[in-house]
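S.K.: One structure follows; several queries about it will come next.
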Amino acid sequence: MDLRAPDPPYRGTPVVTRLPGGVGISGLTVYDWEAADGLCGGTPHMHLVCSEAYVVVDGAGSVQTLATSGFADTPLHPGDVVWFTPGTIHRLVNDGGLRLLVLMQNSGLPEAGDAVFTFPAPVLADPHAYQAAAALTGDRAAAARRRRDLALEGFLDLREGGLREFHIAAHRLKGELLGDWQIRWRAGPLAAAEETGRQLERLKAGDLSHLDHGAVSRLERPEHPLFGMCGLLHPYAVPDSPTRPIRGASGSPHPRPPKELF
C-alpha cells in the first residue's frame with residue numbers, strides 16, 4: 001500500500017476537497033404544483049445504484065415510496081432525515097413550503113444520470129420517446145410540469161403492479177452508461193475510502209505527514225436554481241480531484257452542474 005504523503009495543494013490558491021465520503025449535495029425547494037390526484041409535489045423516479053437521503057429544512061410534506069416490499073408514505077417535518085436505497089421509486093409530496101437538503105451517493109450521480117422516470121410502459125419501451133418526455137425544452141417550468149404529470153401517470157399504474165417490468169426497462173434505458181458511472185464511483189467514494197485506508201496505514205507506521213495538509217473548503221449556494229426532478233434545485237458541484245482550485249472564489253463562475261442533470 002502506498003504510504004507516501006499526498007501531494008500538497010496549489011500554493012496560494014484556494015482548493016476544494018471532496019465532500020466527506022465522496023457524496024453529492026443539493027438544496028431543493030419541492031414543487032408546489034398540484035397533480036391529477038390533488039397532491040402537490042415532484043416527479044416520481046428511481047435510482048439504479050445510488051442511495052439518497054433527505055434532510056428536511058423547512059415546511060411539511062411526505063415522500064411516497066414504492067418498492068417490492070410495497071407502498072409507503074413517510075411524513076417529512078423539519079429536522080427529519082429519511083433515506084432510501086436503489087430500487088425505491090420515490091415521489092416528494094409538498095404540503096406547504098417543503099425544503100430539503102439532498103445527500104446523494106457517488107458524487108451526486110442521482111442528478112447526473114442515475115434516475116429513471118416512471119413514465120407509462122409504452123414510453124419506457126421506446127428510448128427516443130423516453131428522451132423526448134424527459135427533456136426540458138421550450139418553457140422549462142411548463143416542460144418540468146408535463147414531465148411530472150406523465151411520470152405520475154406511470155407511478156399510479158405501478159402501484160397496481162409491474163415493478164419487475166419497470167426494473168428491466170430502467171436497465172435497458174441506462175445500460176450503456178454503467179461504464180461511466182463506474183468511473184465516477186472510482187474517482188469519488190471509492191477514492192475517498194481508499195485514502196482513509198492509506199491514512200490509517202500511515203498512522204499505524206507512525207507517519208503523521210498527512211496531518212500537515214489540513215484544509216478548509218467552502219461552496220457558495222448556487223445563485224440560480226434549476227428545474228430538477230422534484231423541485232427547484234441548487235446543486236453544489238464538487239470536483240472529484242481533491243486539489244483542484246475552487247471556481248467562483250474571485251467572482252468566476254461556479255462549477256457547472258452535471259450535463260445530464262434533469
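Each chain of the C-alpha cells is named A, B, ... in the order shown, its residues numbered from 1; ligands are numbered from 1 in display order.
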Within 10 Å of region 134-138 of chain A, which residues of region 145-251 of chain A come that close, and what is the closest atom pair and distance in Å for each? Count only C-alpha atoms and give it as CSV.
M.R.:
```
residue,atom,partner,partner_atom,distance
A:Arg145,CA,A:Leu136,CA,9.6
A:Arg146,CA,A:Leu136,CA,9.3
A:Arg147,CA,A:Ala134,CA,6.3
A:Arg148,CA,A:Ala134,CA,9.3
A:Leu150,CA,A:Ala134,CA,9.6
A:Ala151,CA,A:Ala134,CA,9.4
A:Phe227,CA,A:Leu136,CA,8.6
A:Gly228,CA,A:Leu136,CA,9.8
A:Met229,CA,A:Ala134,CA,9.6
```
S.K.: May I have the residues within 10 Å of Pro122 (chain A) as a ChimeraX atom specification, using only C-alpha atoms and disregarding those fewer than 6 positions away in the same chain?
M.R.: /A:129-130,154
S.K.: The selected residues should be written to file as a short mmCIF file (atom, residue, chain, number, x, y, z; two decimals), in the first residue's frame (atoms: C-alpha atoms).
M.R.:
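Once written, part_8.cif looks like this:
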```
data_model
loop_
_atom_site.label_atom_id
_atom_site.label_comp_id
_atom_site.auth_asym_id
_atom_site.auth_seq_id
_atom_site.Cartn_x
_atom_site.Cartn_y
_atom_site.Cartn_z
CA ALA A 129 -39.90 8.60 -26.72
CA TYR A 130 -38.35 8.41 -23.25
CA GLY A 154 -46.96 5.71 -14.76
#
```
S.K.: For Pro110 (chain A), work out the shell of residues within 10 Å, counting only C-alpha atoms and skipping chain neighbours fewer than 5 positions away, then give it as a PDB file with C-alpha atoms, in the first residue's frame.
M.R.:
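Wrote it out as around.pdb, contents follow:
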```pdb
ATOM      1  CA  GLY A  24     -23.102  14.939  -3.501  1.00  0.00           C
ATOM      2  CA  MET A  46     -35.960   5.544  -9.267  1.00  0.00           C
ATOM      3  CA  HIS A  47     -32.179   5.206  -8.969  1.00  0.00           C
ATOM      4  CA  LEU A  48     -30.358   2.061 -10.075  1.00  0.00           C
ATOM      5  CA  VAL A  49     -27.161   2.235  -7.977  1.00  0.00           C
ATOM      6  CA  CYS A  50     -27.460   5.181  -5.580  1.00  0.00           C
ATOM      7  CA  SER A  51     -28.955   5.697  -2.155  1.00  0.00           C
ATOM      8  CA  GLU A  52     -30.328   9.152  -1.407  1.00  0.00           C
ATOM      9  CA  LEU A 103     -27.430  13.892   0.118  1.00  0.00           C
ATOM     10  CA  MET A 104     -26.524  11.548  -2.723  1.00  0.00           C
ATOM     11  CA  GLN A 105     -24.150   8.661  -3.242  1.00  0.00           C
ATOM     12  CA  ALA A 115     -32.540   8.357 -12.464  1.00  0.00           C
ATOM     13  CA  VAL A 116     -35.356   6.696 -14.404  1.00  0.00           C
ATOM     14  CA  GLU A 260     -27.171  15.100 -17.546  1.00  0.00           C
ATOM     15  CA  LEU A 261     -28.817  16.969 -14.678  1.00  0.00           C
ATOM     16  CA  PHE A 262     -32.589  16.839 -15.092  1.00  0.00           C
TER      17      PHE A 262
END
```
S.K.: DSSP on the backbone, then: every residue of region 51-257 of chain A marked alpha helix (DSSP H), written as an NGL selection string.
M.R.: :A and (105-108 or 121-124 or 127-134 or 140-158 or 163-174 or 178-185 or 191-204)
S.K.: Hey, which bits of region 145-186 of chain A sit within 12 Å of region 192-206 of chain A, and for each residue what's the closest pair of atoms and how far apart in Å (one decimal), counting only C-alpha atoms, rows by chain and increasing number, as CSV?
M.R.:
```
residue,atom,partner,partner_atom,distance
A:Arg184,CA,A:Ala192,CA,11.9
A:Trp185,CA,A:Ala192,CA,10.0
A:Arg186,CA,A:Ala192,CA,8.9
```
